[in-house]
>>> print(open('structure18.cif').read())   # mmCIF, C-alpha atoms
data_input
#
loop_
_atom_site.group_PDB
_atom_site.id
_atom_site.type_symbol
_atom_site.label_atom_id
_atom_site.label_comp_id
_atom_site.auth_asym_id
_atom_site.auth_seq_id
_atom_site.Cartn_x
_atom_site.Cartn_y
_atom_site.Cartn_z
ATOM 1 C CA ARG A 2 0.000 0.000 0.000
ATOM 2 C CA TRP A 3 1.180 3.497 -0.918
ATOM 3 C CA VAL A 4 0.217 6.797 0.683
ATOM 4 C CA LEU A 5 -0.025 9.771 -1.653
ATOM 5 C CA CYS A 6 -0.263 13.307 -0.304
ATOM 6 C CA GLY A 7 -1.565 15.794 -2.871
ATOM 7 C CA TYR A 8 -4.322 14.873 -5.306
ATOM 8 C CA GLY A 9 -4.065 17.424 -8.072
ATOM 9 C CA ARG A 10 -3.315 16.533 -11.688
ATOM 10 C CA PHE A 11 0.085 15.067 -10.792
ATOM 11 C CA GLY A 12 -1.328 13.076 -7.887
ATOM 12 C CA ARG A 13 -4.192 11.616 -9.928
ATOM 13 C CA GLU A 14 -1.843 10.493 -12.726
ATOM 14 C CA LEU A 15 0.519 8.888 -10.236
ATOM 15 C CA ALA A 16 -2.319 7.158 -8.389
ATOM 16 C CA GLU A 17 -3.525 5.667 -11.698
ATOM 17 C CA ASP A 18 -0.027 4.350 -12.432
ATOM 18 C CA LEU A 19 0.241 2.768 -8.995
ATOM 19 C CA ARG A 20 -3.196 1.162 -9.259
ATOM 20 C CA ALA A 21 -2.290 -0.164 -12.709
ATOM 21 C CA GLU A 22 0.483 -2.137 -10.996
ATOM 22 C CA GLY A 23 -2.065 -3.689 -8.639
ATOM 23 C CA LEU A 24 -1.138 -1.518 -5.660
ATOM 24 C CA THR A 25 -3.479 -0.012 -3.104
ATOM 25 C CA VAL A 26 -3.351 3.778 -2.750
ATOM 26 C CA THR A 27 -4.329 5.913 0.229
ATOM 27 C CA VAL A 28 -4.787 9.589 -0.689
ATOM 28 C CA ILE A 29 -4.331 12.517 1.707
ATOM 29 C CA ASP A 30 -5.722 15.813 0.416
ATOM 30 C CA GLN A 31 -7.696 18.732 1.819
ATOM 31 C CA ALA A 32 -10.010 18.904 -1.189
ATOM 32 C CA ALA A 33 -10.187 15.235 -2.228
ATOM 33 C CA GLY A 34 -13.718 14.015 -2.648
ATOM 34 C CA PRO A 35 -15.011 10.429 -2.538
ATOM 35 C CA ASN A 36 -13.218 8.114 -4.939
ATOM 36 C CA GLY A 37 -14.134 4.514 -5.548
ATOM 37 C CA ASN A 38 -10.579 3.535 -6.449
ATOM 38 C CA ASP A 39 -8.669 5.010 -3.530
ATOM 39 C CA LEU A 40 -8.843 5.202 0.245
ATOM 40 C CA VAL A 41 -9.228 8.932 0.920
ATOM 41 C CA VAL A 42 -8.151 10.824 4.037
ATOM 42 C CA VAL A 43 -9.459 14.392 3.828
ATOM 43 C CA GLY A 44 -7.272 16.905 5.645
ATOM 44 C CA ASP A 45 -3.907 18.639 5.800
ATOM 45 C CA GLY A 46 -1.098 16.097 5.535
ATOM 46 C CA SER A 47 1.134 18.207 7.778
ATOM 47 C CA ASP A 48 -1.355 17.630 10.646
ATOM 48 C CA PRO A 49 -0.145 14.651 12.755
ATOM 49 C CA GLU A 50 -3.729 13.490 13.319
ATOM 50 C CA VAL A 51 -4.357 13.384 9.566
ATOM 51 C CA MET A 52 -1.125 11.476 8.978
ATOM 52 C CA ALA A 53 -2.108 9.018 11.697
ATOM 53 C CA ARG A 54 -5.360 8.235 9.844
ATOM 54 C CA ALA A 55 -3.312 7.269 6.758
ATOM 55 C CA HIS A 56 -1.555 4.493 8.764
ATOM 56 C CA LEU A 57 1.912 5.102 7.351
ATOM 57 C CA GLU A 58 3.355 2.488 9.680
ATOM 58 C CA SER A 59 1.817 -0.236 7.497
ATOM 59 C CA ALA A 60 2.603 1.356 4.122
ATOM 60 C CA VAL A 61 5.569 0.574 1.854
ATOM 61 C CA GLY A 62 5.734 3.857 -0.066
ATOM 62 C CA PHE A 63 4.974 7.530 0.459
ATOM 63 C CA VAL A 64 4.683 10.338 -2.110
ATOM 64 C CA ALA A 65 4.918 14.015 -1.158
ATOM 65 C CA GLY A 66 3.268 15.360 -4.268
ATOM 66 C CA THR A 67 1.737 18.747 -3.466
ATOM 67 C CA ASP A 68 2.471 21.926 -5.451
ATOM 68 C CA ASN A 69 4.226 23.508 -2.436
ATOM 69 C CA ASP A 70 7.859 22.641 -1.765
ATOM 70 C CA THR A 71 7.791 23.634 1.909
ATOM 71 C CA THR A 72 4.857 21.306 2.478
ATOM 72 C CA ASN A 73 6.550 18.468 0.629
ATOM 73 C CA LEU A 74 9.767 18.834 2.624
ATOM 74 C CA SER A 75 7.872 18.723 5.936
ATOM 75 C CA LEU A 76 5.852 15.724 4.717
ATOM 76 C CA ILE A 77 9.007 13.770 3.920
ATOM 77 C CA ALA A 78 10.435 14.406 7.378
ATOM 78 C CA ALA A 79 7.152 13.491 9.104
ATOM 79 C CA ALA A 80 6.675 10.317 7.081
ATOM 80 C CA ARG A 81 10.169 9.059 7.870
ATOM 81 C CA ARG A 82 9.646 9.678 11.585
ATOM 82 C CA ILE A 83 6.586 7.447 11.469
ATOM 83 C CA ASN A 84 8.088 4.740 9.255
ATOM 84 C CA PRO A 85 11.855 4.888 8.515
ATOM 85 C CA ASP A 86 11.540 1.981 6.066
ATOM 86 C CA LEU A 87 9.229 3.820 3.648
ATOM 87 C CA PHE A 88 10.231 4.288 0.013
ATOM 88 C CA VAL A 89 9.858 8.053 -0.286
ATOM 89 C CA ALA A 90 9.173 9.912 -3.548
ATOM 90 C CA ALA A 91 8.823 13.676 -3.757
ATOM 91 C CA ARG A 92 7.819 16.439 -6.135
ATOM 92 C CA GLN A 93 10.122 19.468 -6.322
ATOM 93 C CA ASN A 94 8.375 22.456 -7.844
ATOM 94 C CA ARG A 95 11.106 25.115 -7.739
ATOM 95 C CA PRO A 96 14.729 24.530 -8.839
ATOM 96 C CA ALA A 97 15.957 26.919 -6.114
ATOM 97 C CA ASN A 98 14.988 24.338 -3.469
ATOM 98 C CA ALA A 99 17.242 21.611 -4.866
ATOM 99 C CA ALA A 100 19.682 21.718 -1.930
ATOM 100 C CA LEU A 101 16.891 21.234 0.618
ATOM 101 C CA PHE A 102 15.508 18.198 -1.176
ATOM 102 C CA ALA A 103 19.012 16.783 -1.640
ATOM 103 C CA ALA A 104 19.591 17.056 2.110
ATOM 104 C CA LEU A 105 16.525 14.888 2.799
ATOM 105 C CA GLU A 106 17.646 12.313 0.201
ATOM 106 C CA PRO A 107 14.273 11.071 -1.106
ATOM 107 C CA ASP A 108 14.452 7.740 -2.912
ATOM 108 C CA SER A 109 12.901 9.275 -6.019
ATOM 109 C CA LEU A 110 12.629 12.947 -6.945
ATOM 110 C CA LEU A 111 10.591 14.541 -9.711
ATOM 111 C CA VAL A 112 11.742 18.034 -10.695
ATOM 112 C CA LEU A 113 9.114 19.483 -13.006
ATOM 113 C CA ALA A 114 11.413 22.062 -14.637
ATOM 114 C CA GLU A 115 13.972 19.343 -15.456
ATOM 115 C CA VAL A 116 11.321 17.086 -16.962
ATOM 116 C CA VAL A 117 10.187 19.835 -19.328
ATOM 117 C CA ALA A 118 13.770 20.792 -20.206
ATOM 118 C CA GLN A 119 14.731 17.192 -20.921
ATOM 119 C CA GLU A 120 11.731 16.649 -23.181
ATOM 120 C CA VAL A 121 12.482 19.809 -25.151
ATOM 121 C CA TYR A 122 16.163 18.849 -25.456
ATOM 122 C CA VAL A 123 15.340 15.360 -26.697
ATOM 123 C CA LYS A 124 12.883 16.686 -29.252
ATOM 124 C CA LEU A 125 15.373 19.224 -30.621
ATOM 125 C CA SER A 126 18.601 17.215 -30.455
ATOM 126 C CA THR A 127 17.404 13.734 -31.435
ATOM 127 C CA PRO A 128 14.044 13.844 -33.258
ATOM 128 C CA LEU A 129 14.060 10.078 -33.855
ATOM 129 C CA LEU A 130 14.377 9.423 -30.128
ATOM 130 C CA TRP A 131 11.325 11.622 -29.556
ATOM 131 C CA ARG A 132 9.390 9.606 -32.152
ATOM 132 C CA PHE A 133 10.526 6.363 -30.522
ATOM 133 C CA LEU A 134 9.367 7.524 -27.077
ATOM 134 C CA GLN A 135 5.993 8.531 -28.518
ATOM 135 C CA GLU A 136 5.466 5.047 -29.966
ATOM 136 C CA VAL A 137 6.580 3.041 -26.918
ATOM 137 C CA PRO A 138 3.475 3.329 -24.668
ATOM 138 C CA ALA A 139 1.213 1.666 -27.254
ATOM 139 C CA GLN A 140 3.434 -1.420 -27.666
ATOM 140 C CA GLY A 141 2.683 -3.212 -24.395
ATOM 141 C CA GLU A 142 4.686 -4.878 -21.647
ATOM 142 C CA GLU A 143 5.712 -7.964 -23.621
ATOM 143 C CA TRP A 144 7.240 -5.842 -26.383
ATOM 144 C CA ALA A 145 9.022 -3.645 -23.838
ATOM 145 C CA ALA A 146 10.488 -6.686 -22.086
ATOM 146 C CA GLY A 147 11.792 -7.938 -25.431
ATOM 147 C CA VAL A 148 13.456 -4.598 -26.167
ATOM 148 C CA ILE A 149 15.117 -4.549 -22.746
ATOM 149 C CA GLU A 150 16.389 -8.093 -23.232
ATOM 150 C CA ARG A 151 17.787 -7.178 -26.650
ATOM 151 C CA LEU A 152 19.516 -4.088 -25.271
ATOM 152 C CA HIS A 153 21.027 -6.108 -22.421
ATOM 153 C CA LYS A 154 22.294 -8.716 -24.882
ATOM 154 C CA ARG A 155 23.790 -6.212 -27.314
ATOM 155 C CA CYS A 156 24.832 -3.336 -25.056
ATOM 156 C CA GLY A 157 25.157 -4.620 -21.493
ATOM 157 C CA ARG A 158 23.368 -3.263 -18.443
ATOM 158 C CA SER A 159 23.783 0.448 -19.219
ATOM 159 C CA LEU A 160 23.402 2.620 -22.332
ATOM 160 C CA GLN A 161 26.185 5.139 -22.808
ATOM 161 C CA THR A 162 25.094 6.907 -25.972
ATOM 162 C CA LEU A 163 22.237 7.339 -28.438
ATOM 163 C CA TRP A 164 22.796 8.549 -31.981
ATOM 164 C CA THR A 165 21.178 8.806 -35.398
ATOM 165 C CA VAL A 166 22.586 7.756 -38.773
ATOM 166 C CA ARG A 167 21.166 8.722 -42.160
ATOM 167 C CA LEU A 168 21.938 6.340 -45.009
ATOM 168 C CA ASP A 169 22.723 8.695 -47.868
ATOM 169 C CA ASP A 170 25.741 10.128 -49.695
ATOM 170 C CA SER A 171 26.533 12.577 -46.901
ATOM 171 C CA GLY A 172 25.945 10.351 -43.885
ATOM 172 C CA SER A 173 27.214 7.032 -45.264
ATOM 173 C CA PRO A 174 29.167 7.579 -48.496
ATOM 174 C CA ALA A 175 30.459 3.993 -48.668
ATOM 175 C CA LEU A 176 26.987 2.398 -48.771
ATOM 176 C CA GLY A 177 25.655 3.677 -52.100
ATOM 177 C CA ARG A 178 26.117 0.619 -54.341
ATOM 178 C CA TRP A 179 25.367 -1.801 -51.513
ATOM 179 C CA LEU A 180 22.016 -0.153 -50.765
ATOM 180 C CA ALA A 181 21.151 0.046 -54.466
ATOM 181 C CA GLY A 182 21.570 -3.723 -54.796
ATOM 182 C CA GLY A 183 18.469 -4.355 -52.650
ATOM 183 C CA ARG A 184 20.178 -6.912 -50.398
ATOM 184 C CA ALA A 185 21.566 -4.633 -47.691
ATOM 185 C CA ARG A 186 20.705 -6.356 -44.388
ATOM 186 C CA LEU A 187 20.814 -4.394 -41.159
ATOM 187 C CA GLY A 188 22.630 -7.200 -39.356
ATOM 188 C CA ASP A 189 25.503 -7.113 -41.860
ATOM 189 C CA LEU A 190 26.029 -3.434 -41.202
ATOM 190 C CA LEU A 191 26.228 -3.945 -37.421
ATOM 191 C CA ARG A 192 29.409 -6.043 -37.488
ATOM 192 C CA ASP A 193 32.775 -5.296 -35.912
ATOM 193 C CA PRO A 194 35.084 -3.881 -38.629
ATOM 194 C CA ASP A 195 38.015 -5.801 -37.109
ATOM 195 C CA ASP A 196 36.179 -9.122 -36.723
ATOM 196 C CA ARG A 197 32.948 -9.474 -38.676
ATOM 197 C CA ASP A 198 31.891 -12.482 -36.605
ATOM 198 C CA VAL A 199 31.471 -10.180 -33.602
ATOM 199 C CA PRO A 200 28.380 -7.917 -33.550
ATOM 200 C CA LEU A 201 28.762 -4.283 -32.574
ATOM 201 C CA THR A 202 27.749 -3.415 -29.023
ATOM 202 C CA ALA A 203 24.807 -1.459 -30.415
ATOM 203 C CA ALA A 204 21.119 -2.008 -31.152
ATOM 204 C CA VAL A 205 18.722 -0.222 -33.490
ATOM 205 C CA LEU A 206 15.674 1.199 -31.725
ATOM 206 C CA LEU A 207 13.911 2.789 -34.688
ATOM 207 C CA LEU A 208 14.148 2.951 -38.462
ATOM 208 C CA ARG A 209 12.368 5.675 -40.426
ATOM 209 C CA ARG A 210 11.769 5.457 -44.174
ATOM 210 C CA GLY A 211 9.810 8.479 -45.294
ATOM 211 C CA ASP A 212 6.619 8.443 -43.208
ATOM 212 C CA GLU A 213 7.030 4.764 -42.253
ATOM 213 C CA LEU A 214 8.392 3.842 -38.809
ATOM 214 C CA VAL A 215 9.785 0.436 -37.879
ATOM 215 C CA LEU A 216 10.394 -0.142 -34.169
ATOM 216 C CA THR A 217 13.394 -2.321 -33.283
ATOM 217 C CA PRO A 218 13.880 -3.753 -36.815
ATOM 218 C CA SER A 219 15.383 -7.237 -37.037
ATOM 219 C CA ASP A 220 18.847 -8.023 -38.371
ATOM 220 C CA ASP A 221 17.215 -9.297 -41.577
ATOM 221 C CA HIS A 222 15.563 -5.951 -42.301
ATOM 222 C CA VAL A 223 16.632 -4.714 -45.755
ATOM 223 C CA LEU A 224 17.966 -1.160 -45.780
ATOM 224 C CA ALA A 225 17.410 1.458 -48.467
ATOM 225 C CA ASP A 226 18.906 4.781 -49.477
ATOM 226 C CA GLY A 227 17.512 7.599 -47.318
ATOM 227 C CA ASP A 228 16.732 5.443 -44.274
ATOM 228 C CA GLU A 229 17.326 7.008 -40.858
ATOM 229 C CA ILE A 230 18.176 4.765 -37.925
ATOM 230 C CA LEU A 231 18.292 5.454 -34.183
ATOM 231 C CA LEU A 232 20.927 3.422 -32.358
ATOM 232 C CA ALA A 233 21.834 2.790 -28.733
ATOM 233 C CA GLY A 234 25.231 1.490 -27.670
ATOM 234 C CA ASP A 235 28.663 2.522 -26.480
ATOM 235 C CA PRO A 236 30.955 5.182 -27.993
ATOM 236 C CA LEU A 237 33.332 2.574 -29.427
ATOM 237 C CA ALA A 238 30.487 0.980 -31.403
ATOM 238 C CA ARG A 239 29.586 4.406 -32.766
ATOM 239 C CA ARG A 240 33.144 4.994 -33.984
ATOM 240 C CA GLU A 241 33.322 1.511 -35.503
ATOM 241 C CA LEU A 242 30.048 2.007 -37.357
ATOM 242 C CA ASP A 243 31.248 5.388 -38.659
ATOM 243 C CA THR A 244 34.286 3.595 -40.104
ATOM 244 C CA THR A 245 32.071 1.107 -41.914
ATOM 245 C CA LEU A 246 29.833 3.857 -43.269
ATOM 246 C CA THR A 247 32.686 5.874 -44.756
ATOM 247 C CA ILE A 248 35.395 3.427 -45.910
ATOM 248 C CA ASP A 249 34.660 1.176 -48.880
ATOM 249 C CA GLY A 250 37.129 -1.524 -47.912
ATOM 250 C CA VAL A 251 35.726 -1.840 -44.388
ATOM 251 C CA LEU A 252 32.177 -2.155 -45.703
ATOM 252 C CA SER A 253 33.280 -4.884 -48.111
ATOM 253 C CA TYR A 254 34.853 -6.825 -45.249
ATOM 254 C CA VAL A 255 31.903 -6.620 -42.827
ATOM 255 C CA VAL A 256 29.418 -7.613 -45.558
ATOM 256 C CA THR A 257 31.351 -10.266 -47.516
ATOM 257 C CA GLY A 258 34.357 -11.173 -45.389
ATOM 258 C CA ASN A 259 36.709 -10.136 -48.218
ATOM 259 C CA HIS A 260 39.574 -7.778 -47.475
ATOM 260 C CA VAL A 261 39.543 -5.238 -50.298
ATOM 261 C CA PRO A 262 42.396 -2.701 -50.631
ATOM 262 C CA SER A 263 41.236 0.818 -49.936
ATOM 263 C CA SER A 264 43.725 2.796 -52.043
ATOM 264 C CA TRP A 265 43.364 3.210 -55.814
ATOM 265 C CA ILE A 266 46.848 1.806 -56.481
ATOM 266 C CA TRP A 267 46.314 -1.389 -54.521
ATOM 267 C CA ARG A 268 42.862 -1.844 -56.053
ATOM 268 C CA ARG A 269 44.407 -1.633 -59.507
ATOM 269 C CA LEU A 270 47.135 -4.095 -58.592
ATOM 270 C CA SER A 271 44.714 -6.561 -57.057
ATOM 271 C CA ARG A 272 42.064 -5.912 -59.735
ATOM 272 C CA ARG A 273 39.329 -6.203 -57.129
ATOM 273 C CA PRO A 274 36.574 -3.552 -57.170
ATOM 274 C CA VAL A 275 35.891 -2.041 -53.775
ATOM 275 C CA SER A 276 32.134 -1.860 -53.792
ATOM 276 C CA ASP A 277 31.367 -5.078 -55.617
ATOM 277 C CA LEU A 278 29.196 -6.471 -52.851
#
>>> encode(input="structure18.cif", output="structure tokens")
Amino acid sequence: RWVLCGYGRFGRELAEDLRAEGLTVTVIDQAAGPNGNDLVVVGDGSDPEVMARAHLESAVGFVAGTDNDTTNLSLIAAARRINPDLFVAARQNRPANAALFAALEPDSLLVLAEVVAQEVYVKLSTPLLWRFLQEVPAQGEEWAAGVIERLHKRCGRSLQTLWTVRLDDSGSPALGRWLAGGRARLGDLLRDPDDRDVPLTAAVLLLRRGDELVLTPSDDHVLADGDEILLAGDPLARRELDTTLTIDGVLSYVVTGNHVPSSWIWRRLSRRPVSDL
């Protein structure tokens, strides 16, 4: 059971999320009316008698979610006095109060200004990531679990970087003839340029072709000129992929296994065309 203090727009959304996970929610709010889904304690959460009616001693989590930082700080302190084992989440409304919230060390902290700033930054800096995040909620838990498993397998337990690649003459000059052949598989592109039997520590989250979006395309997905792909992985994988995208000989090796000379002189001597994939 969770106790939530503050039942405005933020509180209602959070209560719905908690109930969706099968959890019981007790709401403390001065203006909260009857609600069939929640246990409601009407009153000021800073009043010890009101807090006592919420039975925090038997709860597992507490949320200080009002629109007043002073109230939220006092609620955190009061809740921990009653039950030191509570998981405590808090809402910070003003950035200037960051030091006060940091001193109380809540287990989870929502800073509204940072949430807005992060969303704007993502939308401006990585448009494909924004599109990916918009599509995720409709995919369901099973799909999400599969994506997490794939990321763990390819990238480990943490993601260090996200980046976008456009498959065209400017973004991937080595790929032109390979893409035109109609047999350019995504999995072949994501190979280590030093050992093609080793996959890059990267995974594709989204592929965009015109107005068409493909979430987490498979390794067998056939690429085309103009595709944009959103990748997650480590910085080394990004540098290795950049090498494949720009050097003809490296692309030939990762796709076919053949070592093709990169310089014009050696190509003439070996009589092996670079981009004959």
>>> atom_distance(input="structure18.cif", atom1="atom CA of A:Ile230", atom2="atom CA of A:Gly250")
22.3 Å
>>> residues_around(input="structure18.cif", residues="A:Val251", least_positions_apart="2", cutoff="9 Å", atoms="all atoms listed in the file", output="list of chain:residue names")
A:Ala175, A:Pro194, A:Asp195, A:Thr244, A:Thr245, A:Leu246, A:Thr247, A:Ile248, A:Asp249, A:Ser253, A:Tyr254, A:Val255, A:Val256, A:His260, A:Val261, A:Ser263
>>> resolve_selection(input="structure18.cif", expression="the PyMOL selection byres ((chain A and resi 204) around 7)", output="ChimeraX atom specification")
/A:152,155,203,205-206,232-234
>>> residues_near_point(input="structure18.cif", point="(21.0, -11.7, -27.7)", cutoff="12 Å", atoms="all atoms listed in the file", output="ChimeraX atom specification")
/A:147-157,200-204,219-220
>>> write_last_selection(input="structure18.cif", atoms="C-alpha atoms", output="PDB file, in the frame of the given file")
ATOM      1  CA  GLY A 147      11.792  -7.938 -25.431  1.00  0.00           C
ATOM      2  CA  VAL A 148      13.456  -4.598 -26.167  1.00  0.00           C
ATOM      3  CA  ILE A 149      15.117  -4.549 -22.746  1.00  0.00           C
ATOM      4  CA  GLU A 150      16.389  -8.093 -23.232  1.00  0.00           C
ATOM      5  CA  ARG A 151      17.787  -7.178 -26.650  1.00  0.00           C
ATOM      6  CA  LEU A 152      19.516  -4.088 -25.271  1.00  0.00           C
ATOM      7  CA  HIS A 153      21.027  -6.108 -22.421  1.00  0.00           C
ATOM      8  CA  LYS A 154      22.294  -8.716 -24.882  1.00  0.00           C
ATOM      9  CA  ARG A 155      23.790  -6.212 -27.314  1.00  0.00           C
ATOM     10  CA  CYS A 156      24.832  -3.336 -25.056  1.00  0.00           C
ATOM     11  CA  GLY A 157      25.157  -4.620 -21.493  1.00  0.00           C
ATOM     12  CA  PRO A 200      28.380  -7.917 -33.550  1.00  0.00           C
ATOM     13  CA  LEU A 201      28.762  -4.283 -32.574  1.00  0.00           C
ATOM     14  CA  THR A 202      27.749  -3.415 -29.023  1.00  0.00           C
ATOM     15  CA  ALA A 203      24.807  -1.459 -30.415  1.00  0.00           C
ATOM     16  CA  ALA A 204      21.119  -2.008 -31.152  1.00  0.00           C
ATOM     17  CA  SER A 219      15.383  -7.237 -37.037  1.00  0.00           C
ATOM     18  CA  ASP A 220      18.847  -8.023 -38.371  1.00  0.00           C
TER      19      ASP A 220
END
>>> resolve_selection(input="structure18.cif", expression="the PyMOL selection byres ((chain A and resi 66-73) around 9)", output="list in words")
Leu5, Cys6, Gly7, Tyr8, Gly9, Phe11, Gly12, Asp30, Gly46, Ser47, Val64, Ala65, Leu74, Ser75, Leu76, Ile77, Ala78, Ala90, Ala91, Arg92, Gln93, Asn94, Arg95, Asn98 and Phe102 of chain A
>>> resolve_selection(input="structure18.cif", expression="the PyMOL selection byres ((chain A and resi 54) around 12)", output="list of chain:residue names")
A:Val4, A:Thr27, A:Val28, A:Ile29, A:Leu40, A:Val41, A:Val42, A:Val43, A:Gly44, A:Asp45, A:Gly46, A:Asp48, A:Pro49, A:Glu50, A:Val51, A:Met52, A:Ala53, A:Ala55, A:His56, A:Leu57, A:Glu58, A:Ser59, A:Ala60
>>> atom_distance(input="structure18.cif", atom1="atom CA of A:Glu136", atom2="atom CA of A:Glu115")
22.1 Å
>>> residues_around(input="structure18.cif", residues="A:Val137", least_positions_apart="4", cutoff="12 Å", atoms="all atoms listed in the file", output="list in words")
Leu130, Trp131, Arg132, Phe133, Gly141, Glu142, Glu143, Trp144, Ala145, Ala146, Val148, Leu206, Leu207, Val215, Leu216 and Thr217 of chain A
>>> atom_distance(input="structure18.cif", atom1="atom CA of A:Arg13", atom2="atom CA of A:Val116")
17.9 Å
>>> residues_near_point(input="structure18.cif", point="(24.0, 8.2, -41.5)", cutoff="10 Å", atoms="all atoms listed in the file", output="list of chain:residue names")
A:Trp164, A:Thr165, A:Val166, A:Arg167, A:Leu168, A:Asp169, A:Asp170, A:Ser171, A:Gly172, A:Ser173, A:Pro174, A:Leu176, A:Gly227, A:Asp228, A:Glu229, A:Ile230, A:Leu231, A:Leu242, A:Asp243, A:Leu246, A:Thr247
>>> closest_residue(input="structure18.cif", among="A:Leu190, A:Val89, A:Ala80, A:Leu15", to="A:Glu106", atoms="all atoms listed in the file")
A:Val89
